[in-house]
Amino acid sequence: MKGFSVFILALTLVFVVAVKSHATLISSYSEIAGLVNTTVDFEDLGACVASGHQFSFGCGQPYTSIGLTMGVQFPDNVDIGSDSGGISVRSATVYTGGLNNQNFYFTSAQQAVGFYYQDSTANFIEIKAYDDLSNLLETHSLSGGNGYGGFTRDTADIYTIRIFGDHGTNQEAFDSRIYVDDISFLSSSVPVPDPAAVFLLGSACVLGAGLRRKFKK
């Protein structure tokens with residue numbers, strides 16, 4: 001009977017590893033339209049655009065009531081081809097090595113995040129998701145230029161999104177900047193079983209039942 005218990009414990013550990021949350025890359029809003037419950041289009045930031053103020057400074061943090069805090073980005077009157085058009089958000093600081101950067105912070109765990117982006121001369125754009133302890137969850141690369149990017153995860157565990165635009169020089173990054181608009185997110189967690197994990201669990205149950213009958217004989 002001891003051998004049977006050890007076997008079941010081993011199967012349980014394998015199953016836990018198999019169901020670890022993973023992400024699915026998305027490339028259009030239609031892929032998450034039925035999932036997201038919040039979209040921020042920045043169209044209410046006309047006064048911030050006129051004053052030229054950054055978030056966390058003159059523009060403050062206008063979206064804390066819905067659980068979103070911005071990095072030190074600028075709202076700008078630039079249409080990047082999003083659904084809302086008009087105002088988008090651009091990167092404020094160029095980092096050594098020709099990197100543009102934007103950060104978005106959530107007060108509660110998110111399961112899906114998507115956004116329109118533009119960085120005209122970027123070699124590529126990289127998005128990273130972090131949990132509440134700043135552990136890296138996912139990294140995905142998008143093509144430079146403009147488009148839609150983001151991802152969904154099996155469970156809600158995203159607390160920070162960082163977006164980087166890679167350039168050959170600092171001047172190129174400064175001239176191009178990275179813009180984001182219509183950022184959408186889903187805070188409620190709706191677990192989606194991984195097919196391989198479900199198959200593994202089913203196989204384990206069948207095999208375990210057979211072995212148990214064998215041990216009873």
# chains A, B, ... in the order shown; residues from 1 in each chain; ligands from 1
call {"tool": "closest_atom_pairs", "arguments": {"of": "stretch 46-118 of chain A", "to": "stretch 178-189 of chain A", "cutoff": "6 Å", "atoms": "only C-alpha atoms", "output": "JSON lines"}}
result
{"residue": "A:Ser88", "atom": "CA", "partner": "A:Asp181", "partner_atom": "CA", "distance": 4.8}
{"residue": "A:Val89", "atom": "CA", "partner": "A:Val180", "partner_atom": "CA", "distance": 5.2}
{"residue": "A:Arg90", "atom": "CA", "partner": "A:Tyr179", "partner_atom": "CA", "distance": 4.3}
{"residue": "A:Ser91", "atom": "CA", "partner": "A:Ile178", "partner_atom": "CA", "distance": 5.5}
{"residue": "A:Ala109", "atom": "CA", "partner": "A:Ser187", "partner_atom": "CA", "distance": 5.9}
{"residue": "A:Gln110", "atom": "CA", "partner": "A:Ser187", "partner_atom": "CA", "distance": 4.2}
{"residue": "A:Gln111", "atom": "CA", "partner": "A:Leu186", "partner_atom": "CA", "distance": 5.5}
{"residue": "A:Ala112", "atom": "CA", "partner": "A:Leu186", "partner_atom": "CA", "distance": 5.0}
{"residue": "A:Val113", "atom": "CA", "partner": "A:Phe185", "partner_atom": "CA", "distance": 4.4}
{"residue": "A:Gly114", "atom": "CA", "partner": "A:Ser184", "partner_atom": "CA", "distance": 5.2}
{"residue": "A:Phe115", "atom": "CA", "partner": "A:Ile183", "partner_atom": "CA", "distance": 4.3}
{"residue": "A:Tyr116", "atom": "CA", "partner": "A:Asp181", "partner_atom": "CA", "distance": 5.2}
{"residue": "A:Tyr117", "atom": "CA", "partner": "A:Val180", "partner_atom": "CA", "distance": 4.6}
{"residue": "A:Gln118", "atom": "CA", "partner": "A:Tyr179", "partner_atom": "CA", "distance": 5.0}
call {"tool": "residues_around", "arguments": {"residues": "A:Ser108", "least_positions_apart": "6", "cutoff": "10 Å", "atoms": "only C-alpha atoms", "output": "ChimeraX atom specification"}}
result
/A:66-68,132,156-160,186-188
call {"tool": "write_last_selection", "arguments": {"atoms": "N, CA and C atoms", "output": "mmCIF file, in the first residue's frame"}}
result
data_model
loop_
_atom_site.group_PDB
_atom_site.id
_atom_site.type_symbol
_atom_site.label_atom_id
_atom_site.label_comp_id
_atom_site.auth_asym_id
_atom_site.auth_seq_id
_atom_site.Cartn_x
_atom_site.Cartn_y
_atom_site.Cartn_z
ATOM 1 N N ILE A 66 -10.311 52.979 -10.604
ATOM 2 C CA ILE A 66 -10.566 51.710 -11.302
ATOM 3 C C ILE A 66 -9.362 50.782 -11.185
ATOM 4 N N GLY A 67 -8.428 51.125 -10.301
ATOM 5 C CA GLY A 67 -7.331 50.209 -10.014
ATOM 6 C C GLY A 67 -6.141 50.284 -10.945
ATOM 7 N N LEU A 68 -5.995 51.388 -11.708
ATOM 8 C CA LEU A 68 -4.877 51.528 -12.642
ATOM 9 C C LEU A 68 -4.037 52.735 -12.264
ATOM 10 N N ASP A 132 2.475 40.256 -8.063
ATOM 11 C CA ASP A 132 2.454 41.218 -6.973
ATOM 12 C C ASP A 132 3.774 41.316 -6.221
ATOM 13 N N ALA A 156 -5.924 35.031 -12.871
ATOM 14 C CA ALA A 156 -5.563 36.437 -12.675
ATOM 15 C C ALA A 156 -4.363 36.540 -11.737
ATOM 16 N N ASP A 157 -3.211 36.963 -12.269
ATOM 17 C CA ASP A 157 -2.016 37.115 -11.441
ATOM 18 C C ASP A 157 -1.108 38.250 -11.906
ATOM 19 N N ILE A 158 -1.583 39.076 -12.854
ATOM 20 C CA ILE A 158 -0.777 40.179 -13.386
ATOM 21 C C ILE A 158 -1.031 41.451 -12.568
ATOM 22 N N TYR A 159 0.049 42.041 -12.088
ATOM 23 C CA TYR A 159 -0.039 43.304 -11.350
ATOM 24 C C TYR A 159 0.702 44.450 -12.029
ATOM 25 N N THR A 160 1.630 44.141 -12.910
ATOM 26 C CA THR A 160 2.410 45.176 -13.591
ATOM 27 C C THR A 160 2.643 44.777 -15.045
ATOM 28 N N LEU A 186 -8.870 42.592 -17.654
ATOM 29 C CA LEU A 186 -9.867 41.746 -16.989
ATOM 30 C C LEU A 186 -9.352 41.388 -15.608
ATOM 31 N N SER A 187 -10.092 41.776 -14.583
ATOM 32 C CA SER A 187 -9.642 41.526 -13.217
ATOM 33 C C SER A 187 -10.181 40.232 -12.629
ATOM 34 N N SER A 188 -11.365 39.764 -13.084
ATOM 35 C CA SER A 188 -11.921 38.539 -12.528
ATOM 36 C C SER A 188 -11.218 37.338 -13.129
#
call {"tool": "select_by_dssp", "arguments": {"residues": "stretch 9-204 of chain A", "states": "strand (DSSP E or B)", "output": "PyMOL selection string"}}
result
chain A and resi 23-26+38-40+55+60+68-70+74-76+88-90+94-95+99-110+112-130+136-153+158-166+179-186
call {"tool": "closest_residue", "arguments": {"among": "A:Gly85, A:Gly98, A:Gly149, A:Gly144", "to": "A:Ser30", "atoms": "only C-alpha atoms"}}
result
A:Gly149
call {"tool": "atom_distance", "arguments": {"atom1": "atom CA of A:Leu142", "atom2": "atom CA of A:Gln102"}}
result
14.6 Å
call {"tool": "residues_around", "arguments": {"residues": "A:Val49", "least_positions_apart": "4", "cutoff": "12 Å", "atoms": "only C-alpha atoms", "output": "PyMOL selection string"}}
result
chain A and resi 42-45+53-55+58-59+73-78+86-90
call {"tool": "closest_residue", "arguments": {"among": "A:Met70, A:Ala129, A:Ala173, A:Leu136", "to": "A:Arg153", "atoms": "only C-alpha atoms"}}
result
A:Ala129
